[in-house]
$ cat query-v4.pdb   # PDB, C-alpha atoms, pLDDT in the B column
ATOM      1  CA  MET A   1       1.857 107.799 130.202  1.00 70.00           C
ATOM      2  CA  ASN A   2      -1.564 107.754 128.572  1.00 82.00           C
ATOM      3  CA  GLU A   3      -4.739 107.917 130.621  1.00 87.00           C
ATOM      4  CA  ASP A   4      -5.991 104.470 129.524  1.00 86.00           C
ATOM      5  CA  LEU A   5      -2.797 102.752 130.716  1.00 86.00           C
ATOM      6  CA  GLN A   6      -2.908 104.705 133.976  1.00 88.00           C
ATOM      7  CA  LYS A   7      -6.476 103.458 134.578  1.00 88.00           C
ATOM      8  CA  ARG A   8      -5.445  99.831 133.891  1.00 86.00           C
ATOM      9  CA  ILE A   9      -2.515 100.164 136.318  1.00 89.00           C
ATOM     10  CA  GLU A  10      -4.766 101.688 138.970  1.00 88.00           C
ATOM     11  CA  GLN A  11      -7.239  98.831 138.496  1.00 85.00           C
ATOM     12  CA  ALA A  12      -4.465  96.232 138.913  1.00 83.00           C
ATOM     13  CA  MET A  13      -3.216  98.062 142.017  1.00 83.00           C
ATOM     14  CA  ARG A  14      -6.646  97.987 143.686  1.00 84.00           C
ATOM     15  CA  ASN A  15      -6.416  94.226 144.015  1.00 86.00           C
ATOM     16  CA  PRO A  16      -2.869  93.002 143.346  1.00 88.00           C
ATOM     17  CA  GLN A  17      -2.604  89.224 143.138  1.00 91.00           C
ATOM     18  CA  ASN A  18      -0.005  86.956 144.739  1.00 93.00           C
ATOM     19  CA  VAL A  19       1.699  89.526 146.937  1.00 93.00           C
ATOM     20  CA  GLY A  20       3.889  88.222 149.743  1.00 93.00           C
ATOM     21  CA  GLU A  21       6.423  85.602 150.605  1.00 94.00           C
ATOM     22  CA  LEU A  22       5.925  81.945 149.647  1.00 94.00           C
ATOM     23  CA  ALA A  23       7.479  79.950 152.483  1.00 90.00           C
ATOM     24  CA  ASP A  24       7.632  76.612 150.644  1.00 92.00           C
ATOM     25  CA  ALA A  25       8.958  78.010 147.355  1.00 95.00           C
ATOM     26  CA  ASP A  26      11.085  75.802 145.135  1.00 95.00           C
ATOM     27  CA  SER A  27      13.040  78.760 143.790  1.00 94.00           C
ATOM     28  CA  VAL A  28      13.462  82.462 144.445  1.00 94.00           C
ATOM     29  CA  GLY A  29      14.709  85.214 142.153  1.00 94.00           C
ATOM     30  CA  THR A  30      15.707  88.733 143.173  1.00 93.00           C
ATOM     31  CA  VAL A  31      16.575  91.617 140.879  1.00 92.00           C
ATOM     32  CA  GLY A  32      17.272  95.276 141.341  1.00 87.00           C
ATOM     33  CA  ASN A  33      17.644  98.331 139.174  1.00 72.00           C
ATOM     34  CA  SER A  34      20.364 100.605 140.549  1.00 70.00           C
ATOM     35  CA  ASP A  35      19.153 103.524 138.400  1.00 70.00           C
ATOM     36  CA  CYS A  36      15.835 103.933 140.172  1.00 70.00           C
ATOM     37  CA  GLY A  37      16.253 101.848 143.330  1.00 80.00           C
ATOM     38  CA  GLU A  38      13.528  99.355 142.441  1.00 86.00           C
ATOM     39  CA  MET A  39      13.888  95.765 143.618  1.00 92.00           C
ATOM     40  CA  LEU A  40      11.655  92.756 143.151  1.00 94.00           C
ATOM     41  CA  ARG A  41      11.706  89.244 144.563  1.00 95.00           C
ATOM     42  CA  LEU A  42       9.718  86.417 142.967  1.00 96.00           C
ATOM     43  CA  TRP A  43       8.986  83.047 144.621  1.00 96.00           C
ATOM     44  CA  VAL A  44       7.971  80.022 142.509  1.00 97.00           C
ATOM     45  CA  LYS A  45       6.428  76.706 143.607  1.00 97.00           C
ATOM     46  CA  PHE A  46       6.109  73.763 141.195  1.00 97.00           C
ATOM     47  CA  LYS A  47       3.785  70.758 141.012  1.00 96.00           C
ATOM     48  CA  GLU A  48       3.543  67.637 138.853  1.00 95.00           C
ATOM     49  CA  GLN A  49       0.767  67.804 136.276  1.00 94.00           C
ATOM     50  CA  ASN A  50       0.273  65.303 133.469  1.00 91.00           C
ATOM     51  CA  GLY A  51       3.837  64.096 133.879  1.00 93.00           C
ATOM     52  CA  LYS A  52       5.300  67.606 133.662  1.00 94.00           C
ATOM     53  CA  LYS A  53       6.666  69.947 136.301  1.00 95.00           C
ATOM     54  CA  VAL A  54       4.576  73.122 136.066  1.00 97.00           C
ATOM     55  CA  ILE A  55       4.359  76.322 138.079  1.00 97.00           C
ATOM     56  CA  ASP A  56       1.701  75.858 140.720  1.00 97.00           C
ATOM     57  CA  ARG A  57       2.050  79.249 142.353  1.00 97.00           C
ATOM     58  CA  ALA A  58       4.194  82.365 142.147  1.00 97.00           C
ATOM     59  CA  THR A  59       4.266  85.312 144.533  1.00 97.00           C
ATOM     60  CA  PHE A  60       6.253  88.535 144.706  1.00 95.00           C
ATOM     61  CA  GLN A  61       7.303  91.451 146.835  1.00 94.00           C
ATOM     62  CA  SER A  62       8.459  94.703 145.335  1.00 91.00           C
ATOM     63  CA  PHE A  63      10.128  97.949 146.220  1.00 88.00           C
ATOM     64  CA  GLY A  64       9.039  99.590 143.021  1.00 79.00           C
ATOM     65  CA  CYS A  65       6.559 101.804 141.285  1.00 86.00           C
ATOM     66  CA  GLU A  66       2.902 100.988 140.652  1.00 91.00           C
ATOM     67  CA  THR A  67       3.668  99.756 137.145  1.00 91.00           C
ATOM     68  CA  ALA A  68       6.220  97.207 138.392  1.00 91.00           C
ATOM     69  CA  ILE A  69       3.758  95.954 141.012  1.00 93.00           C
ATOM     70  CA  ALA A  70       0.926  95.727 138.461  1.00 93.00           C
ATOM     71  CA  VAL A  71       3.120  93.813 135.981  1.00 94.00           C
ATOM     72  CA  ALA A  72       4.346  91.430 138.717  1.00 94.00           C
ATOM     73  CA  SER A  73       0.758  90.786 139.805  1.00 94.00           C
ATOM     74  CA  LEU A  74      -0.328  89.984 136.248  1.00 93.00           C
ATOM     75  CA  ALA A  75       2.787  87.934 135.491  1.00 95.00           C
ATOM     76  CA  THR A  76       2.363  85.689 138.548  1.00 96.00           C
ATOM     77  CA  GLU A  77      -1.084  84.781 137.236  1.00 94.00           C
ATOM     78  CA  LEU A  78       0.143  84.390 133.653  1.00 95.00           C
ATOM     79  CA  ILE A  79       2.891  81.862 134.468  1.00 96.00           C
ATOM     80  CA  ARG A  80       0.654  79.571 136.543  1.00 96.00           C
ATOM     81  CA  GLY A  81       0.346  76.154 134.876  1.00 96.00           C
ATOM     82  CA  LYS A  82       3.365  76.725 132.622  1.00 96.00           C
ATOM     83  CA  THR A  83       6.610  74.777 132.678  1.00 96.00           C
ATOM     84  CA  ALA A  84       9.781  76.715 133.495  1.00 95.00           C
ATOM     85  CA  GLU A  85      10.679  76.653 129.797  1.00 94.00           C
ATOM     86  CA  GLU A  86       7.265  78.034 128.776  1.00 96.00           C
ATOM     87  CA  ALA A  87       7.484  80.787 131.398  1.00 96.00           C
ATOM     88  CA  LEU A  88      11.006  81.696 130.290  1.00 95.00           C
ATOM     89  CA  ALA A  89       9.820  81.944 126.682  1.00 94.00           C
ATOM     90  CA  LEU A  90       7.547  84.862 127.637  1.00 94.00           C
ATOM     91  CA  LYS A  91       8.882  88.207 126.526  1.00 91.00           C
ATOM     92  CA  THR A  92       8.829  91.447 128.477  1.00 90.00           C
ATOM     93  CA  GLN A  93       5.716  92.672 126.666  1.00 89.00           C
ATOM     94  CA  ASP A  94       3.921  89.350 127.332  1.00 92.00           C
ATOM     95  CA  LEU A  95       4.416  89.752 131.070  1.00 92.00           C
ATOM     96  CA  ALA A  96       2.602  93.099 131.047  1.00 89.00           C
ATOM     97  CA  GLY A  97      -0.466  91.106 129.954  1.00 84.00           C
ATOM     98  CA  GLU A  98      -3.703  93.053 129.947  1.00 86.00           C
ATOM     99  CA  LEU A  99      -1.908  96.302 130.729  1.00 88.00           C
ATOM    100  CA  GLY A 100      -1.010  96.304 127.067  1.00 87.00           C
ATOM    101  CA  PRO A 101       2.045  97.943 125.554  1.00 88.00           C
ATOM    102  CA  LEU A 102       4.023  99.993 128.055  1.00 90.00           C
ATOM    103  CA  PRO A 103       5.500 103.359 127.115  1.00 89.00           C
ATOM    104  CA  PRO A 104       9.303 103.436 126.786  1.00 89.00           C
ATOM    105  CA  MET A 105       9.699 105.099 130.190  1.00 89.00           C
ATOM    106  CA  LYS A 106       7.907 102.150 131.867  1.00 89.00           C
ATOM    107  CA  ILE A 107       9.389  99.181 130.002  1.00 90.00           C
ATOM    108  CA  HIS A 108      12.009  98.826 132.741  1.00 87.00           C
ATOM    109  CA  CYS A 109       9.148  97.852 135.110  1.00 89.00           C
ATOM    110  CA  ALA A 110       8.321  94.776 133.027  1.00 91.00           C
ATOM    111  CA  GLN A 111      12.042  94.085 132.596  1.00 91.00           C
ATOM    112  CA  LEU A 112      12.356  94.018 136.388  1.00 91.00           C
ATOM    113  CA  VAL A 113       9.666  91.314 136.550  1.00 93.00           C
ATOM    114  CA  GLU A 114      11.247  89.385 133.672  1.00 94.00           C
ATOM    115  CA  GLY A 115      14.630  89.586 135.420  1.00 93.00           C
ATOM    116  CA  ALA A 116      13.199  88.181 138.666  1.00 94.00           C
ATOM    117  CA  LEU A 117      11.517  85.374 136.743  1.00 95.00           C
ATOM    118  CA  ARG A 118      14.781  84.508 134.990  1.00 94.00           C
ATOM    119  CA  ALA A 119      16.703  84.709 138.272  1.00 93.00           C
ATOM    120  CA  ALA A 120      14.215  82.263 139.813  1.00 95.00           C
ATOM    121  CA  LEU A 121      14.103  79.838 136.896  1.00 94.00           C
ATOM    122  CA  GLU A 122      17.636  80.123 135.457  1.00 86.00           C
ATOM    123  CA  PRO A 123      19.979  80.299 138.435  1.00 51.00           C
ATOM    124  CA  ALA A 124      23.662  80.367 137.510  1.00 55.00           C
ATOM    125  CA  GLY A 125      22.755  80.340 133.816  1.00 49.00           C
ATOM    126  CA  LYS A 126      21.103  76.924 133.933  1.00 52.00           C
ATOM    127  CA  SER A 127      17.795  76.249 132.227  1.00 39.00           C
ATOM    128  CA  SER A 128      16.201  74.353 135.100  1.00 37.00           C
ATOM    129  CA  PRO A 129      14.868  75.737 138.380  1.00 37.00           C
ATOM    130  CA  LEU A 130      16.876  75.608 141.569  1.00 34.00           C
ATOM    131  CA  PRO A 131      16.081  72.635 143.736  1.00 34.00           C
ATOM    132  CA  PRO A 132      14.774  73.732 147.110  1.00 35.00           C
ATOM    133  CA  THR A 133      17.442  74.030 149.776  1.00 34.00           C
ATOM    134  CA  SER A 134      17.296  75.125 153.364  1.00 33.00           C
ATOM    135  CA  ASP A 135      19.038  78.369 152.316  1.00 38.00           C
ATOM    136  CA  HIS A 136      16.338  79.142 149.750  1.00 34.00           C
ATOM    137  CA  ILE A 137      13.522  78.310 152.138  1.00 33.00           C
ATOM    138  CA  GLN A 138      15.129  80.456 154.844  1.00 36.00           C
ATOM    139  CA  ALA A 139      15.521  83.330 152.388  1.00 38.00           C
ATOM    140  CA  ALA A 140      11.861  83.033 151.444  1.00 36.00           C
ATOM    141  CA  ARG A 141      10.837  83.130 155.107  1.00 36.00           C
ATOM    142  CA  SER A 142      12.982  86.138 155.931  1.00 42.00           C
ATOM    143  CA  ASN A 143      11.776  89.675 155.628  1.00 44.00           C
ATOM    144  CA  LEU A 144      12.349  91.049 152.127  1.00 46.00           C
ATOM    145  CA  LEU A 145      13.902  94.287 153.361  1.00 47.00           C
ATOM    146  CA  ASP A 146      16.306  92.328 155.592  1.00 49.00           C
ATOM    147  CA  ASN A 147      17.369  90.208 152.629  1.00 47.00           C
ATOM    148  CA  PHE A 148      17.938  93.215 150.415  1.00 48.00           C
ATOM    149  CA  ALA A 149      19.991  94.858 153.148  1.00 48.00           C
ATOM    150  CA  LYS A 150      21.926  91.721 154.128  1.00 48.00           C
ATOM    151  CA  PRO A 151      21.513  88.890 151.601  1.00 45.00           C
ATOM    152  CA  LYS A 152      22.128  85.525 153.247  1.00 45.00           C
ATOM    153  CA  GLN A 153      22.401  83.485 150.052  1.00 49.00           C
ATOM    154  CA  GLY A 154      21.924  83.529 146.352  1.00 51.00           C
ATOM    155  CA  LYS A 155      22.495  86.511 144.183  1.00 52.00           C
ATOM    156  CA  ILE A 156      20.895  89.804 143.470  1.00 57.00           C
ATOM    157  CA  THR A 157      20.964  90.581 139.785  1.00 61.00           C
ATOM    158  CA  PHE A 158      21.217  94.229 138.809  1.00 61.00           C
ATOM    159  CA  LEU A 159      19.637  95.016 135.484  1.00 66.00           C
ATOM    160  CA  PRO A 160      21.649  97.000 132.936  1.00 65.00           C
ATOM    161  CA  GLU A 161      21.197 100.733 132.925  1.00 63.00           C
ATOM    162  CA  SER A 162      18.478 101.932 130.601  1.00 58.00           C
ATOM    163  CA  GLU A 163      18.396 105.052 128.487  1.00 56.00           C
ATOM    164  CA  ASN A 164      14.868 105.782 129.651  1.00 52.00           C
ATOM    165  CA  HIS A 165      15.568 106.214 133.304  1.00 51.00           C
TER     166      HIS A 165
END

$ encode --input "query-v4.pdb" --output "structure tokens"
Amino acid sequence: MNEDLQKRIEQAMRNPQNVGELADADSVGTVGNSDCGEMLRLWVKFKEQNGKKVIDRATFQSFGCETAIAVASLATELIRGKTAEEALALKTQDLAGELGPLPPMKIHCAQLVEGALRAALEPAGKSSPLPPTSDHIQAARSNLLDNFAKPKQGKITFLPESENH
């Protein structure tokens, strides 16, 4: 990894944004990468704005490397104010935002974030977010490690194996 990218990651890690559970989330997405043991959960809360349902807030928790945490931090800021469809239109490289292009060995970090976003906004292959249910709210309130160890609801999506890991 080049020195410039490492500095940008370190800067993002000094003050990560939107870390933690979002108790009143409208949807939650969890993904894991069995190759490296990384897991990420993303909570999304919507609001009505100009007659559209847009993302008001997104938060995350991660068991992952610094790059995955930096990308998740940037992505939760990037998707604010977007509709689910607009957020889903973002590509892996878009989610890395100001980090810039990631080297091949770190692309899986952005893919982890993209997978969590898709899991939150496209449950069961649908194009609309999950409506809030008591199960989803309970999952959001539970400890992330407990949910990874003993999921109470929903699904954990494992990303396909990558050549770079």

$ closest_residue --input "query-v4.pdb" --among "A:Arg8, A:Lys47, A:Lys82, A:Arg41" --to "Val113 (chain A)" --atoms "all atoms listed in the file"
A:Arg41

$ resolve_selection --input "query-v4.pdb" --expression "the PyMOL selection byres ((chain A and resi 62-71) around 10)" --output "PyMOL selection string"
chain A and resi 5-6+8-17+19-20+30-33+36-42+60-61+72-76+92-99+102+106-114+144-145

$ axis_aligned_box --input "query-v4.pdb" --around "region 22-39 of chain A" --padding-each-side "5 Å" --output "AutoDock Vina command-line options"
--center_x 13.1 --center_y 89.9 --center_z 145.4 --size_x 24.4 --size_y 38.1 --size_z 24.1

$ residues_around --input "query-v4.pdb" --residues "Ala87 (chain A)" --least-positions-apart "6" --cutoff "9 Å" --atoms "all atoms listed in the file" --output "PyMOL selection string"
chain A and resi 55+78-80+117-118+121

$ closest_residue --input "query-v4.pdb" --among "A:Ser27, A:Asp35, A:Asp4, A:Gly81" --to "Glu48 (chain A)" --atoms "all atoms listed in the file"
A:Gly81

$ atom_distance --input "query-v4.pdb" --atom1 "CA of Arg57 (chain A)" --atom2 "CA of Ser34 (chain A)"
28.2 Å

$ closest_residue --input "query-v4.pdb" --among "A:Asn2, A:Glu122, A:Leu88, A:Asp24" --to "Gly100 (chain A)" --atoms "all atoms listed in the file"
A:Asn2

$ atom_distance --input "query-v4.pdb" --atom1 "CA of Pro101 (chain A)" --atom2 "CA of Val44 (chain A)"
25.4 Å

$ atom_distance --input "query-v4.pdb" --atom1 "CA of Gln49 (chain A)" --atom2 "CA of Ala23 (chain A)"
21.3 Å

$ closest_residue --input "query-v4.pdb" --among "A:Ala89, A:Gly51, A:Thr83, A:Thr59" --to "Asn18 (chain A)" --atoms "only C-alpha atoms"
A:Thr59

$ decode --input "query-v4.pdb" --residues "region 8-24 of chain A" --atoms "N, CA and C atoms" --output "PDB file, in the first residue's frame"
ATOM      1  N   ARG A   8      -3.928   8.784   4.410  1.00  0.00           N
ATOM      2  CA  ARG A   8      -5.363   9.095   4.352  1.00  0.00           C
ATOM      3  C   ARG A   8      -6.163   8.150   5.237  1.00  0.00           C
ATOM      4  N   ILE A   9      -5.784   6.888   5.287  1.00  0.00           N
ATOM      5  CA  ILE A   9      -6.468   5.918   6.160  1.00  0.00           C
ATOM      6  C   ILE A   9      -6.238   6.287   7.616  1.00  0.00           C
ATOM      7  N   GLU A  10      -4.999   6.599   7.966  1.00  0.00           N
ATOM      8  CA  GLU A  10      -4.688   6.996   9.336  1.00  0.00           C
ATOM      9  C   GLU A  10      -5.474   8.235   9.744  1.00  0.00           C
ATOM     10  N   GLN A  11      -5.605   9.190   8.830  1.00  0.00           N
ATOM     11  CA  GLN A  11      -6.379  10.400   9.115  1.00  0.00           C
ATOM     12  C   GLN A  11      -7.851  10.049   9.364  1.00  0.00           C
ATOM     13  N   ALA A  12      -8.424   9.189   8.544  1.00  0.00           N
ATOM     14  CA  ALA A  12      -9.818   8.775   8.731  1.00  0.00           C
ATOM     15  C   ALA A  12      -9.991   8.010  10.038  1.00  0.00           C
ATOM     16  N   MET A  13      -8.983   7.255  10.435  1.00  0.00           N
ATOM     17  CA  MET A  13      -9.058   6.470  11.672  1.00  0.00           C
ATOM     18  C   MET A  13      -8.938   7.337  12.921  1.00  0.00           C
ATOM     19  N   ARG A  14      -8.315   8.496  12.819  1.00  0.00           N
ATOM     20  CA  ARG A  14      -8.183   9.376  13.983  1.00  0.00           C
ATOM     21  C   ARG A  14      -9.536   9.861  14.481  1.00  0.00           C
ATOM     22  N   ASN A  15     -10.468  10.028  13.550  1.00  0.00           N
ATOM     23  CA  ASN A  15     -11.785  10.525  13.920  1.00  0.00           C
ATOM     24  C   ASN A  15     -12.857   9.846  13.066  1.00  0.00           C
ATOM     25  N   PRO A  16     -13.047   8.531  13.262  1.00  0.00           N
ATOM     26  CA  PRO A  16     -14.058   7.844  12.446  1.00  0.00           C
ATOM     27  C   PRO A  16     -15.455   8.383  12.759  1.00  0.00           C
ATOM     28  N   GLN A  17     -16.255   8.505  11.725  1.00  0.00           N
ATOM     29  CA  GLN A  17     -17.605   9.050  11.850  1.00  0.00           C
ATOM     30  C   GLN A  17     -18.632   7.916  11.938  1.00  0.00           C
ATOM     31  N   ASN A  18     -19.685   8.150  12.678  1.00  0.00           N
ATOM     32  CA  ASN A  18     -20.864   7.278  12.687  1.00  0.00           C
ATOM     33  C   ASN A  18     -20.585   5.860  13.156  1.00  0.00           C
ATOM     34  N   VAL A  19     -19.749   5.726  14.154  1.00  0.00           N
ATOM     35  CA  VAL A  19     -19.438   4.418  14.719  1.00  0.00           C
ATOM     36  C   VAL A  19     -20.441   4.108  15.819  1.00  0.00           C
ATOM     37  N   GLY A  20     -20.973   2.919  15.826  1.00  0.00           N
ATOM     38  CA  GLY A  20     -21.852   2.472  16.899  1.00  0.00           C
ATOM     39  C   GLY A  20     -23.217   2.057  16.404  1.00  0.00           C
ATOM     40  N   GLU A  21     -23.962   1.488  17.305  1.00  0.00           N
ATOM     41  CA  GLU A  21     -25.297   1.005  16.996  1.00  0.00           C
ATOM     42  C   GLU A  21     -26.270   2.170  16.851  1.00  0.00           C
ATOM     43  N   LEU A  22     -27.298   1.982  16.039  1.00  0.00           N
ATOM     44  CA  LEU A  22     -28.345   2.978  15.834  1.00  0.00           C
ATOM     45  C   LEU A  22     -29.651   2.315  16.257  1.00  0.00           C
ATOM     46  N   ALA A  23     -30.065   2.589  17.493  1.00  0.00           N
ATOM     47  CA  ALA A  23     -31.180   1.869  18.109  1.00  0.00           C
ATOM     48  C   ALA A  23     -32.489   1.982  17.337  1.00  0.00           C
ATOM     49  N   ASP A  24     -32.744   3.094  16.680  1.00  0.00           N
ATOM     50  CA  ASP A  24     -34.024   3.264  15.985  1.00  0.00           C
ATOM     51  C   ASP A  24     -33.888   3.094  14.476  1.00  0.00           C
TER      52      ASP A  24
END
